[in-house]
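A.B. asks: For reference, this is run.txt, and it has compact mmCIF, C-alpha atoms.
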# COMPACT_ATOMS: atom_id res chain seq x y z
CA MET A 1 0.00 0.00 0.00
CA SER A 2 1.08 3.55 0.36
CA SER A 3 4.33 3.23 2.08
CA PRO A 4 5.77 0.03 0.70
CA GLY A 5 6.21 2.17 -2.37
CA ASP A 6 8.38 4.53 -0.42
CA ASN A 7 10.12 1.79 1.48
CA LEU A 8 10.97 -0.06 -1.61
CA THR A 9 12.04 2.99 -3.46
CA GLY A 10 14.62 3.26 -0.72
CA LEU A 11 15.37 -0.40 -0.90
CA ALA A 12 15.86 -0.23 -4.63
CA ASP A 13 18.18 2.70 -4.18
CA GLU A 14 20.25 0.57 -1.85
CA LEU A 15 20.22 -2.23 -4.34
CA ALA A 16 21.33 0.10 -7.10
CA ASP A 17 24.13 1.31 -4.86
CA VAL A 18 25.22 -2.23 -4.09
CA THR A 19 25.22 -3.20 -7.74
CA GLU A 20 27.18 -0.10 -8.54
CA GLU A 21 29.74 -1.03 -5.93
CA ALA A 22 29.88 -4.57 -7.23
CA LEU A 23 30.60 -3.27 -10.70
CA GLY A 24 33.66 -1.64 -9.29
CA GLU A 25 35.86 1.16 -10.34
CA SER A 26 35.57 0.99 -14.11
CA THR A 27 32.00 2.32 -13.94
CA THR A 28 33.02 5.18 -11.70
CA GLU A 29 35.95 6.02 -13.94
CA ALA A 30 33.77 5.99 -17.00
CA LEU A 31 31.33 8.26 -15.20
CA ASP A 32 34.04 10.67 -14.19
CA GLY A 33 35.25 10.66 -17.73
CA SER A 34 31.95 11.58 -19.27
CA ALA A 35 31.35 14.19 -16.57
CA ASP A 36 34.67 15.82 -17.38
CA LYS A 37 33.87 15.96 -21.03
CA SER A 38 30.45 17.47 -20.56
CA ALA A 39 30.13 21.20 -20.00
CA ASP A 40 28.14 20.67 -16.81
CA GLY A 41 27.45 17.41 -15.02
CA GLY A 42 23.81 18.24 -14.32
CA GLY A 43 20.57 17.27 -15.99
CA ALA A 44 20.97 19.71 -18.88
CA GLY A 45 24.23 18.03 -19.83
CA THR A 46 22.69 14.86 -21.23
CA ALA A 47 23.44 15.88 -24.79
CA ASP A 48 27.08 16.33 -23.86
CA ALA A 49 27.10 13.00 -22.13
CA ARG A 50 25.79 11.37 -25.30
CA ASP A 51 28.53 12.99 -27.34
CA ALA A 52 31.08 11.88 -24.81
CA ALA A 53 29.88 8.29 -24.74
CA PRO A 54 31.66 7.05 -27.88
CA LEU A 55 34.90 8.47 -26.48
CA SER A 56 34.75 6.10 -23.52
CA PRO A 57 33.74 2.75 -25.03
CA VAL A 58 35.16 0.92 -21.98
CA SER A 59 32.11 1.91 -20.00
CA ALA A 60 29.60 0.30 -22.33
CA PRO A 61 29.86 -3.35 -21.20
CA ASP A 62 29.60 -2.41 -17.51
CA PHE A 63 26.51 -0.30 -17.95
CA ASP A 64 24.96 -2.92 -20.19
CA ALA A 65 25.54 -5.63 -17.59
CA ASP A 66 23.95 -3.47 -14.91
CA TRP A 67 20.96 -2.73 -17.15
CA SER A 68 20.50 -6.29 -18.43
CA VAL A 69 17.02 -7.76 -18.02
CA ARG A 70 18.49 -10.91 -16.51
CA ARG A 71 20.40 -9.08 -13.81
CA ILE A 72 17.48 -6.85 -12.84
CA VAL A 73 15.08 -9.80 -12.68
CA TRP A 74 17.45 -12.04 -10.73
CA THR A 75 18.15 -9.30 -8.19
CA MET A 76 14.56 -8.23 -7.65
CA VAL A 77 12.44 -11.38 -7.89
CA PRO A 78 13.90 -13.21 -4.84
CA LEU A 79 13.62 -10.02 -2.81
CA LEU A 80 10.02 -9.37 -3.87
CA ALA A 81 9.09 -13.01 -3.36
CA GLY A 82 10.56 -12.96 0.15
CA LEU A 83 8.68 -9.77 0.92
CA SER A 84 5.44 -11.29 -0.36
CA VAL A 85 5.86 -14.23 2.00
CA LEU A 86 6.34 -11.77 4.90
CA GLN A 87 3.26 -9.80 3.82
CA MET A 88 1.23 -13.00 4.09
CA GLY A 89 1.46 -12.33 7.85
CA SER A 90 -0.75 -9.26 7.41
CA GLY A 91 -2.87 -11.19 4.94
CA VAL A 92 -3.64 -13.95 7.43
CA VAL A 93 -4.80 -11.35 9.98
CA LEU A 94 -7.05 -9.65 7.40
CA GLU A 95 -8.47 -13.02 6.33
CA THR A 96 -9.14 -13.98 9.98
CA PHE A 97 -11.14 -10.78 10.48
CA GLU A 98 -12.97 -11.13 7.15
CA ASP A 99 -16.46 -11.21 8.67
CA THR A 100 -15.83 -8.15 10.87
CA LEU A 101 -14.33 -6.26 7.92
CA LEU A 102 -17.20 -7.06 5.57
CA GLU A 103 -19.72 -5.98 8.21
CA ASN A 104 -17.92 -2.70 8.90
CA PRO A 105 -16.62 -1.02 5.74
CA ALA A 106 -15.15 1.79 7.89
CA LEU A 107 -12.53 -0.73 9.06
CA LEU A 108 -11.72 -1.71 5.47
CA VAL A 109 -11.15 1.99 4.73
CA LEU A 110 -8.74 2.15 7.66
CA VAL A 111 -6.58 -0.74 6.41
CA PRO A 112 -4.64 0.93 3.55
CA VAL A 113 -4.08 4.10 5.56
CA GLN A 114 -2.85 2.18 8.59
CA ILE A 115 -0.40 0.18 6.48
CA GLY A 116 0.82 3.21 4.58
CA THR A 117 1.28 5.55 7.48
CA ALA A 118 3.20 3.01 9.54
CA GLY A 119 5.88 2.67 6.91
CA ASN A 120 6.01 6.41 6.24
CA LEU A 121 6.51 7.31 9.90
CA ALA A 122 9.11 4.60 10.28
CA SER A 123 11.07 5.78 7.26
CA ILE A 124 11.03 9.40 8.50
CA MET A 125 12.17 8.31 11.96
CA CYS A 126 14.86 5.93 10.73
CA SER A 127 16.36 8.19 8.12
CA ARG A 128 16.47 11.13 10.52
CA LEU A 129 18.05 9.07 13.28
CA SER A 130 20.65 7.61 10.95
CA THR A 131 21.52 11.06 9.61
CA GLN A 132 21.97 12.17 13.22
CA LEU A 133 24.18 9.15 13.77
CA HIS A 134 26.35 10.08 10.79
CA LEU A 135 26.58 13.68 12.00
CA GLY A 136 27.57 12.51 15.47
CA THR A 137 24.64 14.19 17.25
CA TYR A 138 22.81 10.95 18.10
CA GLU A 139 22.62 9.28 21.50
CA PRO A 140 19.98 6.78 22.54
CA THR A 141 18.32 8.83 25.30
CA LEU A 142 15.18 10.94 25.37
CA SER A 143 17.20 13.87 26.74
CA ASN A 144 19.01 14.18 23.40
CA PRO A 145 17.38 17.18 21.66
CA GLY A 146 17.46 15.57 18.21
CA VAL A 147 15.91 12.30 19.38
CA ARG A 148 13.33 14.22 21.39
CA ALA A 149 12.37 16.36 18.38
CA ASN A 150 11.97 13.24 16.20
CA VAL A 151 9.88 11.39 18.78
CA GLY A 152 7.71 14.48 19.36
CA ALA A 153 7.19 14.96 15.63
CA VAL A 154 6.29 11.31 14.98
CA LEU A 155 3.75 11.31 17.82
CA ALA A 156 2.24 14.62 16.64
CA LEU A 157 2.08 13.38 13.02
CA ALA A 158 0.39 10.19 14.16
CA ALA A 159 -2.17 12.12 16.23
CA THR A 160 -2.97 14.39 13.23
CA VAL A 161 -3.18 11.61 10.67
CA PHE A 162 -5.12 9.09 12.71
CA GLY A 163 -7.51 11.72 14.06
CA ALA A 164 -8.33 12.81 10.51
CA VAL A 165 -8.47 9.22 9.29
CA GLY A 166 -10.85 8.20 12.06
CA ILE A 167 -13.36 10.86 11.02
CA ALA A 168 -12.90 10.22 7.28
CA ALA A 169 -13.18 6.43 7.64
CA TRP A 170 -16.35 6.82 9.70
CA ALA A 171 -17.91 9.14 7.10
CA ILE A 172 -16.95 6.89 4.16
CA GLY A 173 -17.97 3.77 6.07
CA THR A 174 -21.38 5.24 6.85
CA ALA A 175 -21.84 6.23 3.20
CA LEU A 176 -20.98 2.63 2.25
CA GLY A 177 -23.69 1.30 4.57
CA GLY A 178 -21.74 0.65 7.76
CA THR A 179 -23.22 1.01 11.23
CA LEU A 180 -20.19 1.79 13.41
CA GLY A 181 -20.45 5.06 15.38
CA LEU A 182 -18.00 7.95 15.03
CA GLY A 183 -16.77 7.36 18.59
CA GLU A 184 -15.90 3.72 17.91
CA VAL A 185 -14.08 4.38 14.62
CA LEU A 186 -12.21 7.35 16.06
CA LEU A 187 -11.25 5.34 19.15
CA ILE A 188 -9.97 2.43 17.03
CA SER A 189 -8.08 4.75 14.69
CA LEU A 190 -6.45 6.89 17.38
CA VAL A 191 -5.57 4.11 19.82
CA SER A 192 -4.08 1.85 17.14
CA GLY A 193 -2.38 4.83 15.49
CA MET A 194 -0.71 6.04 18.68
CA LEU A 195 0.36 2.51 19.63
CA LEU A 196 1.81 2.22 16.15
CA ALA A 197 3.72 5.50 16.55
CA LEU A 198 5.20 4.23 19.83
CA LEU A 199 6.20 1.00 18.11
CA VAL A 200 7.80 2.99 15.27
CA VAL A 201 9.81 4.99 17.80
CA VAL A 202 10.99 1.94 19.75
CA VAL A 203 11.81 -0.18 16.68
CA SER A 204 13.59 2.69 14.92
CA VAL A 205 15.76 3.63 17.89
CA ALA A 206 16.54 -0.02 18.62
CA SER A 207 17.49 -0.83 15.03
CA VAL A 208 19.60 2.29 14.52
CA GLU A 209 21.33 1.51 17.81
CA ALA A 210 21.84 -2.14 16.85
CA SER A 211 23.19 -1.31 13.41
CA TYR A 212 25.58 1.20 14.99
CA ARG A 213 26.89 -1.44 17.40
CA LEU A 214 27.21 -3.98 14.59
CA GLY A 215 29.04 -1.46 12.45
CA ILE A 216 26.44 -1.51 9.68
CA ASN A 217 25.39 1.72 7.98
CA PRO A 218 21.75 2.13 9.09
CA ASP A 219 20.88 3.78 5.76
CA ASP A 220 21.63 0.55 3.93
CA THR A 221 19.73 -2.10 5.79
CA THR A 222 17.63 -0.88 8.69
CA ILE A 223 15.29 1.45 6.82
CA PRO A 224 13.82 -1.07 4.39
CA ILE A 225 13.60 -3.72 7.09
CA VAL A 226 12.08 -1.46 9.75
CA THR A 227 9.56 0.12 7.38
CA ASN A 228 8.34 -3.27 6.23
CA VAL A 229 8.21 -4.63 9.79
CA CYS A 230 6.15 -1.59 10.82
CA ASP A 231 3.82 -2.01 7.85
CA ILE A 232 3.07 -5.57 8.85
CA THR A 233 2.80 -4.83 12.57
CA GLY A 234 0.47 -1.93 11.72
CA VAL A 235 -2.18 -4.43 10.64
CA LEU A 236 -1.58 -6.61 13.72
CA ILE A 237 -2.01 -3.62 16.05
CA LEU A 238 -5.12 -2.38 14.21
CA PHE A 239 -6.86 -5.71 14.65
CA ALA A 240 -5.71 -6.20 18.21
CA VAL A 241 -7.44 -2.88 18.97
CA VAL A 242 -10.48 -3.87 16.88
CA ALA A 243 -10.77 -7.12 18.84
CA VAL A 244 -10.73 -5.19 22.14
CA VAL A 245 -13.09 -2.35 21.11
CA LEU A 246 -15.73 -4.34 19.18
CA MET B 1 21.91 22.86 11.77
CA TYR B 2 20.30 19.49 11.19
CA GLY B 3 20.47 18.34 14.80
CA HIS B 4 18.77 21.53 15.97
CA ASP B 5 15.49 20.94 14.17
CA THR B 6 12.67 21.12 16.68
CA ALA B 7 9.74 18.72 16.73
CA ARG B 8 7.72 21.51 15.11
CA ASP B 9 10.19 21.80 12.19
CA VAL B 10 10.14 18.06 11.57
CA TYR B 11 6.35 17.99 11.80
CA ARG B 12 5.96 20.83 9.32
CA GLN B 13 8.37 19.27 6.80
CA ALA B 14 6.91 15.79 6.98
CA LEU B 15 3.20 16.65 7.04
CA PRO B 16 2.67 17.29 3.28
CA VAL B 17 4.10 13.90 2.25
CA ILE B 18 2.16 12.11 4.98
CA LEU B 19 -1.05 13.86 3.90
CA VAL B 20 -0.55 12.84 0.24
CA SER B 21 -0.22 9.23 1.33
CA LEU B 22 -3.22 9.68 3.63
CA ILE B 23 -5.45 10.87 0.79
CA ALA B 24 -4.24 8.04 -1.45
CA GLY B 25 -4.93 5.61 1.38
CA LEU B 26 -8.47 6.93 1.81
CA PHE B 27 -9.18 6.57 -1.92
CA ALA B 28 -7.80 3.05 -1.87
CA GLY B 29 -9.79 2.32 1.28
CA THR B 30 -12.99 3.60 -0.28
CA ILE B 31 -12.62 1.21 -3.22
CA LEU B 32 -11.74 -1.59 -0.79
CA GLY B 33 -14.82 -0.84 1.33
CA SER B 34 -17.20 -0.48 -1.64
CA GLU B 35 -20.08 -2.90 -1.93
CA GLN B 36 -18.73 -4.47 -5.15
CA MET B 37 -15.34 -5.12 -3.56
CA ARG B 38 -16.94 -6.57 -0.44
CA GLU B 39 -18.96 -8.94 -2.62
CA GLY B 40 -15.74 -9.89 -4.40
CA ILE B 41 -13.96 -10.54 -1.10
CA GLU B 42 -16.87 -12.67 0.05
CA SER B 43 -17.11 -14.73 -3.14
CA VAL B 44 -13.39 -15.38 -3.73
CA PRO B 45 -11.51 -16.96 -0.80
CA GLY B 46 -8.02 -15.51 -0.42
CA ILE B 47 -8.49 -11.93 -1.66
CA LEU B 48 -7.78 -10.38 1.74
CA LEU B 49 -4.91 -12.80 2.19
CA LEU B 50 -3.13 -11.69 -0.96
CA LEU B 51 -4.00 -7.99 -0.65
CA PRO B 52 -1.01 -6.75 1.43
CA ALA B 53 1.50 -8.74 -0.64
CA PHE B 54 -0.05 -7.62 -3.94
CA LEU B 55 0.08 -3.95 -2.97
CA ALA B 56 3.61 -4.18 -1.55
CA THR B 57 4.73 -5.67 -4.88
CA ARG B 58 3.44 -2.65 -6.83
CA GLY B 59 5.65 -0.44 -4.68
CA GLY B 60 8.63 -2.77 -5.02
CA VAL B 61 8.53 -3.24 -8.76
CA TYR B 62 7.69 0.28 -9.89
CA GLY B 63 9.47 2.10 -7.07
CA SER B 64 12.68 0.34 -8.06
CA LEU B 65 12.13 1.05 -11.76
CA GLY B 66 11.67 4.71 -10.88
CA ALA B 67 14.83 4.75 -8.77
CA ARG B 68 16.77 3.07 -11.58
CA LEU B 69 15.55 5.48 -14.27
CA SER B 70 16.27 8.40 -11.99
CA THR B 71 19.83 7.18 -11.39
CA GLY B 72 20.28 6.62 -15.13
CA LEU B 73 19.09 10.15 -15.91
CA HIS B 74 21.39 11.66 -13.31
CA GLN B 75 24.31 9.63 -14.66
CA GLY B 76 23.47 10.78 -18.17
CA ILE B 77 23.30 7.19 -19.49
CA ILE B 78 19.63 7.34 -20.43
CA GLU B 79 17.85 10.29 -21.95
CA PRO B 80 14.40 11.64 -21.16
CA ASN B 81 13.03 10.76 -24.60
CA PHE B 82 10.35 8.22 -25.45
CA GLU B 83 12.62 6.26 -27.80
CA LEU B 84 13.61 2.63 -27.96
CA ASP B 85 16.81 3.01 -25.98
CA PRO B 86 18.22 -0.45 -25.08
CA ARG B 87 18.72 0.44 -21.40
CA LEU B 88 15.25 1.92 -21.05
CA THR B 89 13.71 -1.05 -22.86
CA ASN B 90 15.61 -3.49 -20.64
CA ALA B 91 14.52 -1.74 -17.46
CA VAL B 92 10.89 -1.69 -18.57
CA VAL B 93 10.89 -5.31 -19.74
CA ALA B 94 12.55 -6.41 -16.49
CA SER B 95 9.97 -4.56 -14.39
CA PHE B 96 7.20 -6.15 -16.40
CA ILE B 97 8.66 -9.64 -15.87
CA ASN B 98 9.19 -8.90 -12.16
CA GLY B 99 5.62 -7.68 -11.75
CA MET B 100 4.06 -10.65 -13.51
CA ALA B 101 6.33 -13.30 -11.93
CA VAL B 102 5.71 -12.04 -8.42
CA SER B 103 1.95 -11.70 -9.07
CA VAL B 104 1.78 -15.38 -10.03
CA PHE B 105 4.00 -16.30 -7.07
CA ILE B 106 1.62 -14.45 -4.72
CA ALA B 107 -1.36 -16.35 -6.14
CA VAL B 108 0.43 -19.65 -5.53
CA ILE B 109 1.49 -18.90 -1.93
CA THR B 110 -1.99 -17.53 -1.20
CA PHE B 111 -3.42 -20.84 -2.35
CA ALA B 112 -0.87 -22.68 -0.20
CA VAL B 113 -1.69 -20.59 2.89
CA LEU B 114 -5.43 -21.12 2.27
CA ALA B 115 -4.79 -24.86 2.14
CA ILE B 116 -2.91 -24.70 5.46
CA LEU B 117 -5.68 -22.58 7.04
CA GLY B 118 -8.24 -25.26 6.20
CA GLY B 119 -8.75 -25.43 2.47
CA GLY B 120 -10.94 -23.57 0.05
CA GLY B 121 -9.76 -21.43 -2.78
CA ASN B 122 -9.24 -22.09 -6.44
CA LEU B 123 -5.67 -21.90 -7.74
CA LEU B 124 -6.73 -21.14 -11.32
CA GLU B 125 -9.02 -18.35 -10.17
CA LEU B 126 -6.36 -16.77 -7.92
CA VAL B 127 -3.68 -16.96 -10.63
CA GLY B 128 -6.11 -15.49 -13.19
CA ILE B 129 -7.06 -12.59 -10.90
CA MET B 130 -3.42 -11.82 -10.13
CA VAL B 131 -2.37 -12.02 -13.80
CA ILE B 132 -5.16 -9.63 -14.86
CA ALA B 133 -4.54 -7.21 -11.97
CA GLY B 134 -0.76 -7.43 -12.48
CA LEU B 135 -1.03 -6.83 -16.23
CA LEU B 136 -3.33 -3.82 -15.92
CA SER B 137 -1.16 -2.36 -13.13
CA ALA B 138 1.94 -2.86 -15.28
CA ILE B 139 0.45 -1.04 -18.28
CA LEU B 140 -0.78 1.87 -16.18
CA MET B 141 2.22 2.19 -13.88
CA LEU B 142 4.84 1.89 -16.63
CA THR B 143 3.11 4.49 -18.80
CA VAL B 144 2.47 7.00 -16.05
CA LEU B 145 5.76 6.51 -14.22
CA ILE B 146 7.95 6.93 -17.31
CA SER B 147 5.93 9.92 -18.51
CA VAL B 148 6.07 11.65 -15.14
CA ILE B 149 9.80 10.99 -14.69
CA PHE B 150 10.80 12.09 -18.20
CA ILE B 151 8.51 15.12 -18.48
CA GLY B 152 9.33 16.16 -14.91
CA TYR B 153 13.06 15.77 -15.55
CA ARG B 154 12.87 17.94 -18.66
CA HIS B 155 11.23 20.63 -16.53
CA GLY B 156 13.90 20.43 -13.88
CA LEU B 157 12.14 18.17 -11.36
CA ASP B 158 14.39 15.69 -9.56
CA PRO B 159 12.73 12.30 -10.27
CA ASP B 160 13.88 11.04 -6.86
CA ASN B 161 11.38 13.41 -5.26
CA VAL B 162 8.53 12.43 -7.55
CA ILE B 163 8.69 8.64 -7.67
CA GLY B 164 7.60 8.03 -4.06
CA PRO B 165 4.33 9.97 -4.18
CA VAL B 166 3.49 8.77 -7.73
CA VAL B 167 4.04 5.08 -6.96
CA THR B 168 2.29 5.49 -3.61
CA THR B 169 -0.79 7.25 -4.91
CA LEU B 170 -1.33 5.36 -8.15
CA GLY B 171 -0.10 1.97 -6.95
CA ASP B 172 -2.58 1.82 -4.07
CA VAL B 173 -5.66 3.20 -5.72
CA PHE B 174 -5.31 1.42 -9.05
CA GLY B 175 -3.91 -1.76 -7.48
CA ILE B 176 -7.16 -2.28 -5.58
CA ALA B 177 -9.31 -1.16 -8.53
CA PHE B 178 -7.57 -3.61 -10.89
CA LEU B 179 -7.92 -6.36 -8.31
CA LEU B 180 -11.67 -5.79 -8.53
CA VAL B 181 -11.50 -5.91 -12.35
CA GLY B 182 -9.61 -9.22 -12.06
CA ILE B 183 -12.26 -10.65 -9.73
CA TYR B 184 -15.04 -9.66 -12.17
CA ALA B 185 -13.18 -10.98 -15.22
CA MET B 186 -12.48 -14.35 -13.60
CA GLY B 187 -16.08 -14.52 -12.39
CA ILE B 188 -17.18 -14.28 -16.04
CA LEU B 189 -14.49 -16.65 -17.37
CA LEU B 190 -14.90 -19.44 -14.82
Translate this structure into C-alpha cells?
C.D. replies:
Amino acid sequence: MSSPGDNLTGLADELADVTEEALGESTTEALDGSADKSADGGGAGTADARDAAPLSPVSAPDFDADWSVRRIVWTMVPLLAGLSVLQMGSGVVLETFEDTLLENPALLVLVPVQIGTAGNLASIMCSRLSTQLHLGTYEPTLSNPGVRANVGAVLALAATVFGAVGIAAWAIGTALGGTLGLGEVLLISLVSGMLLALLVVVVSVASVEASYRLGINPDDTTIPIVTNVCDITGVLILFAVVAVVL
Amino acid sequence: MYGHDTARDVYRQALPVILVSLIAGLFAGTILGSEQMREGIESVPGILLLLPAFLATRGGVYGSLGARLSTGLHQGIIEPNFELDPRLTNAVVASFINGMAVSVFIAVITFAVLAILGGGGNLLELVGIMVIAGLLSAILMLTVLISVIFIGYRHGLDPDNVIGPVVTTLGDVFGIAFLLVGIYAMGILL
C-alpha cells in the first residue's frame, strides 16, 4: 500500500548502490570521464554525455551488464518473493477478520491508511536518526534534543493523521452502509495509530542503535527492514485494537 | 543545523508527504470498502490474504524502476526521450517480468496458505485474478511513471522526489481497482 512504495524505493536505491559497488571502479571512472567531457554534469548536460559516450567505449559493457534484463530480474524477484511471504502475515490477519471487515466497511477503509502511514513514519524516523548518527549528534536517550524532536514529531504526526483518518473512515464507512459510530471508529483509529507510533519509535531507535553497534550503515539495511516490519505490525495492532473495542 | 530541528520543524516538513499518502490511502480504502469489492472478497476466498503482498509488490517493482531510471538520468546514461533506448527497454521489460512473476507467485502462496488454514480457494481463479490485476497495473504504472519521470526531468524536477508519491498514490488506488477488475473478469471466465 502507500508506504511500501516509499520503502521499496529506498530499498531499490540501496540495491542500485550495491550493484554499482559490485561493478567496481571501471563504472566510476567511466562516469568521471563523461562528466569531465560534458560542460556541466547536471541534468541539462545529457546531450554532452551522449557525445562523450563514444569516447569512452570501456564503459559500455559495464553499464549494459547493470541494465540487463536478466540481472534486474534475478536481483529483484527473490527479494520481492521474500517480501510477499512476509506480507502473508498481514494477509492472514485480514483473512481472519474477514467477517468483521465485511460488516464494517469503515474498518476496510482504515486498512490501507494504517499500512501506509506506519511505513512512512518509520522511514522518516529511521532516516532522521541515521543522519543524526552520521553527524555525530545521536545518542539513545530521550534527553538528546534531536531524538526528542523526532519522537515528538512522529507522535504529533500520528495524532494528526489518525484523528483525521478516524473521522474520514467513519464518514466513508457510513456512506458505504456501515453502522459503526463515530466514537468507535475514532477510538480504534487513534488508539491503534498512537500505539503504532510508539512501536515505530521503539523499533527505529533499537534498530539504529543495533546497526551502529554492529558497524552496519543504518541507511543501507535498517530502513527497508524497519519500514516493512512496521507495515506488517500496523495491521496486527489495528486488529488487536479492533478485537478489544468491538 | 540538522540536529537543531525542533519537533515543530520536523512535523511541518513531513506533514505534506504524509497527507498525500493519507489521501491516497483513503481513496484506496474507499474502493476496498465499496459494496462491489466486499462482494468480491466474500465470493473469492483468499483476496484479503493476498491484498497486502499484492500492494507491496506494486511499490517494489515500480518504485525500483523509478529509482533506476532516476539514477540513469542523473548519470546521463539514459535520456528523457520516449525512444527505444536499449537500457530503457531493458529496465521496462525487467519490471514487467518482475511484476508478472511475483503476481503469479503471490497467487500460488496464497493458495498454499489457504490450504494450510483449512482449504478452500481455487488456484486457477487466484492466478487469473493476479495475472489480470498485475497486467493492468503494469500497463498503467509503466506508462504513467515513465511519462512523469521524463517530463518532470525535462522541466527540472528531480525524479527522486517524484517517484515516491506517484508510486504510492497510483499503486494503491489502481492496485485495488484492478484487483476488482480481475475478480469480475475471472467470475465471467470461470
A.B. asks: Tell me, counting only C-alpha atoms, for each residue of chain B within 6 Å of chain A, which pair of atoms is nearest and how far apart they are in Å to one decimal, in rows ordered by chain and increasing number, as JSON lines.
C.D. replies:
{"residue": "B:Gly3", "atom": "CA", "partner": "A:Gly146", "partner_atom": "CA", "distance": 5.3}
{"residue": "B:Thr6", "atom": "CA", "partner": "A:Ala149", "partner_atom": "CA", "distance": 5.1}
{"residue": "B:Ala7", "atom": "CA", "partner": "A:Ala149", "partner_atom": "CA", "distance": 3.9}
{"residue": "B:Val10", "atom": "CA", "partner": "A:Ala153", "partner_atom": "CA", "distance": 5.9}
{"residue": "B:Tyr11", "atom": "CA", "partner": "A:Ala153", "partner_atom": "CA", "distance": 5.0}
{"residue": "B:Ser21", "atom": "CA", "partner": "A:Ser2", "partner_atom": "CA", "distance": 5.9}
{"residue": "B:Leu22", "atom": "CA", "partner": "A:Val113", "partner_atom": "CA", "distance": 6.0}
{"residue": "B:Gly25", "atom": "CA", "partner": "A:Val113", "partner_atom": "CA", "distance": 4.5}
{"residue": "B:Gly29", "atom": "CA", "partner": "A:Val109", "partner_atom": "CA", "distance": 3.7}
{"residue": "B:Thr30", "atom": "CA", "partner": "A:Val109", "partner_atom": "CA", "distance": 5.6}
{"residue": "B:Gly33", "atom": "CA", "partner": "A:Pro105", "partner_atom": "CA", "distance": 4.8}
{"residue": "B:Leu48", "atom": "CA", "partner": "A:Glu95", "partner_atom": "CA", "distance": 5.3}
{"residue": "B:Leu49", "atom": "CA", "partner": "A:Gly91", "partner_atom": "CA", "distance": 3.8}
{"residue": "B:Leu50", "atom": "CA", "partner": "A:Gly91", "partner_atom": "CA", "distance": 5.9}
{"residue": "B:Pro52", "atom": "CA", "partner": "A:Gln87", "partner_atom": "CA", "distance": 5.8}
{"residue": "B:Ala53", "atom": "CA", "partner": "A:Ser84", "partner_atom": "CA", "distance": 4.7}
{"residue": "B:Leu55", "atom": "CA", "partner": "A:Met1", "partner_atom": "CA", "distance": 4.9}
{"residue": "B:Ala56", "atom": "CA", "partner": "A:Pro4", "partner_atom": "CA", "distance": 5.2}
{"residue": "B:Gly59", "atom": "CA", "partner": "A:Gly5", "partner_atom": "CA", "distance": 3.5}
{"residue": "B:Gly60", "atom": "CA", "partner": "A:Leu8", "partner_atom": "CA", "distance": 4.9}
{"residue": "B:Gly63", "atom": "CA", "partner": "A:Thr9", "partner_atom": "CA", "distance": 4.5}
{"residue": "B:Ser64", "atom": "CA", "partner": "A:Ala12", "partner_atom": "CA", "distance": 4.7}
{"residue": "B:Gly76", "atom": "CA", "partner": "A:Thr46", "partner_atom": "CA", "distance": 5.2}
{"residue": "B:Arg87", "atom": "CA", "partner": "A:Trp67", "partner_atom": "CA", "distance": 5.8}
{"residue": "B:Asn90", "atom": "CA", "partner": "A:Val69", "partner_atom": "CA", "distance": 5.2}
{"residue": "B:Ala94", "atom": "CA", "partner": "A:Val69", "partner_atom": "CA", "distance": 4.9}
{"residue": "B:Asn98", "atom": "CA", "partner": "A:Val77", "partner_atom": "CA", "distance": 5.9}
{"residue": "B:Gly164", "atom": "CA", "partner": "A:Asp6", "partner_atom": "CA", "distance": 5.1}
{"residue": "B:Val167", "atom": "CA", "partner": "A:Gly5", "partner_atom": "CA", "distance": 5.9}
{"residue": "B:Thr168", "atom": "CA", "partner": "A:Ser2", "partner_atom": "CA", "distance": 4.6}
{"residue": "B:Asp172", "atom": "CA", "partner": "A:Met1", "partner_atom": "CA", "distance": 5.2}
A.B. asks: When you count all atoms listed in the file, which of these residues is closest to Val205 (chain A): A:Val226, A:Ile237, A:Ala171, A:Val244?
C.D. replies: A:Val226
A.B. asks: Do you know which residues are at most 9 Å from region 136-143 of chain B counting all atoms listed in the file, after dropping those on the same chain fewer than 3 positions away, and could you put them as a ChimeraX atom specification?
C.D. replies: /B:58,62,65,92,95-96,99-100,131-133,146-148,167,170-171,174-175,178
A.B. asks: For Leu196 (chain A), which residue among A:Thr227, A:Thr233, A:Thr141, A:Glu184 is the nearest when counting only C-alpha atoms?
C.D. replies: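 Nearest candidate to Leu196 (chain A) out of A:Thr227, A:Thr233, A:Thr141, A:Glu184: A:Thr233.
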A.B. asks: State, in Å with one decimal place, the distance from CA of Ala118 (chain A) to CA of Leu187 (chain A).
C.D. replies: 17.5 Å
A.B. asks: Expressed in Å to a single decimal, how great is the separation between CA of Leu73 (chain B) and CA of Leu88 (chain B)?
C.D. replies: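 Going from CA of Leu73 (chain B) over to CA of Leu88 (chain B), I get 10.4 Å.
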A.B. asks: Choose the residue, out of A:Pro140, A:Gly181, A:Gly193, A:Gly166, that has the smallest atom-to-atom separation from Glu209 (chain A); count all atoms listed in the file.
C.D. replies: A:Pro140
A.B. asks: Hey, can you check how far CA of Gly46 (chain B) sits from CA of Leu126 (chain B)?
C.D. replies: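 These atoms are spaced 7.8 Å apart.
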A.B. asks: N, CA, C and O atoms are needed for region 26-30 of chain B; please write them out as a PDB file, in the coordinates of the input.
C.D. replies:
ATOM      1  N   LEU B  26      -7.011   6.826   1.674  1.00  0.00           N
ATOM      2  CA  LEU B  26      -8.470   6.930   1.810  1.00  0.00           C
ATOM      3  C   LEU B  26      -9.185   6.552   0.518  1.00  0.00           C
ATOM      4  O   LEU B  26     -10.209   5.875   0.545  1.00  0.00           O
ATOM      5  N   PHE B  27      -8.609   6.973  -0.625  1.00  0.00           N
ATOM      6  CA  PHE B  27      -9.180   6.570  -1.920  1.00  0.00           C
ATOM      7  C   PHE B  27      -9.153   5.049  -2.049  1.00  0.00           C
ATOM      8  O   PHE B  27     -10.154   4.415  -2.385  1.00  0.00           O
ATOM      9  N   ALA B  28      -7.963   4.501  -1.774  1.00  0.00           N
ATOM     10  CA  ALA B  28      -7.800   3.050  -1.870  1.00  0.00           C
ATOM     11  C   ALA B  28      -8.772   2.357  -0.933  1.00  0.00           C
ATOM     12  O   ALA B  28      -9.422   1.367  -1.290  1.00  0.00           O
ATOM     13  N   GLY B  29      -8.892   2.910   0.291  1.00  0.00           N
ATOM     14  CA  GLY B  29      -9.790   2.320   1.280  1.00  0.00           C
ATOM     15  C   GLY B  29     -11.236   2.380   0.850  1.00  0.00           C
ATOM     16  O   GLY B  29     -12.013   1.453   1.117  1.00  0.00           O
ATOM     17  N   THR B  30     -11.608   3.471   0.171  1.00  0.00           N
ATOM     18  CA  THR B  30     -12.990   3.600  -0.280  1.00  0.00           C
ATOM     19  C   THR B  30     -13.325   2.535  -1.320  1.00  0.00           C
ATOM     20  O   THR B  30     -14.396   1.924  -1.278  1.00  0.00           O
TER      21      THR B  30
END
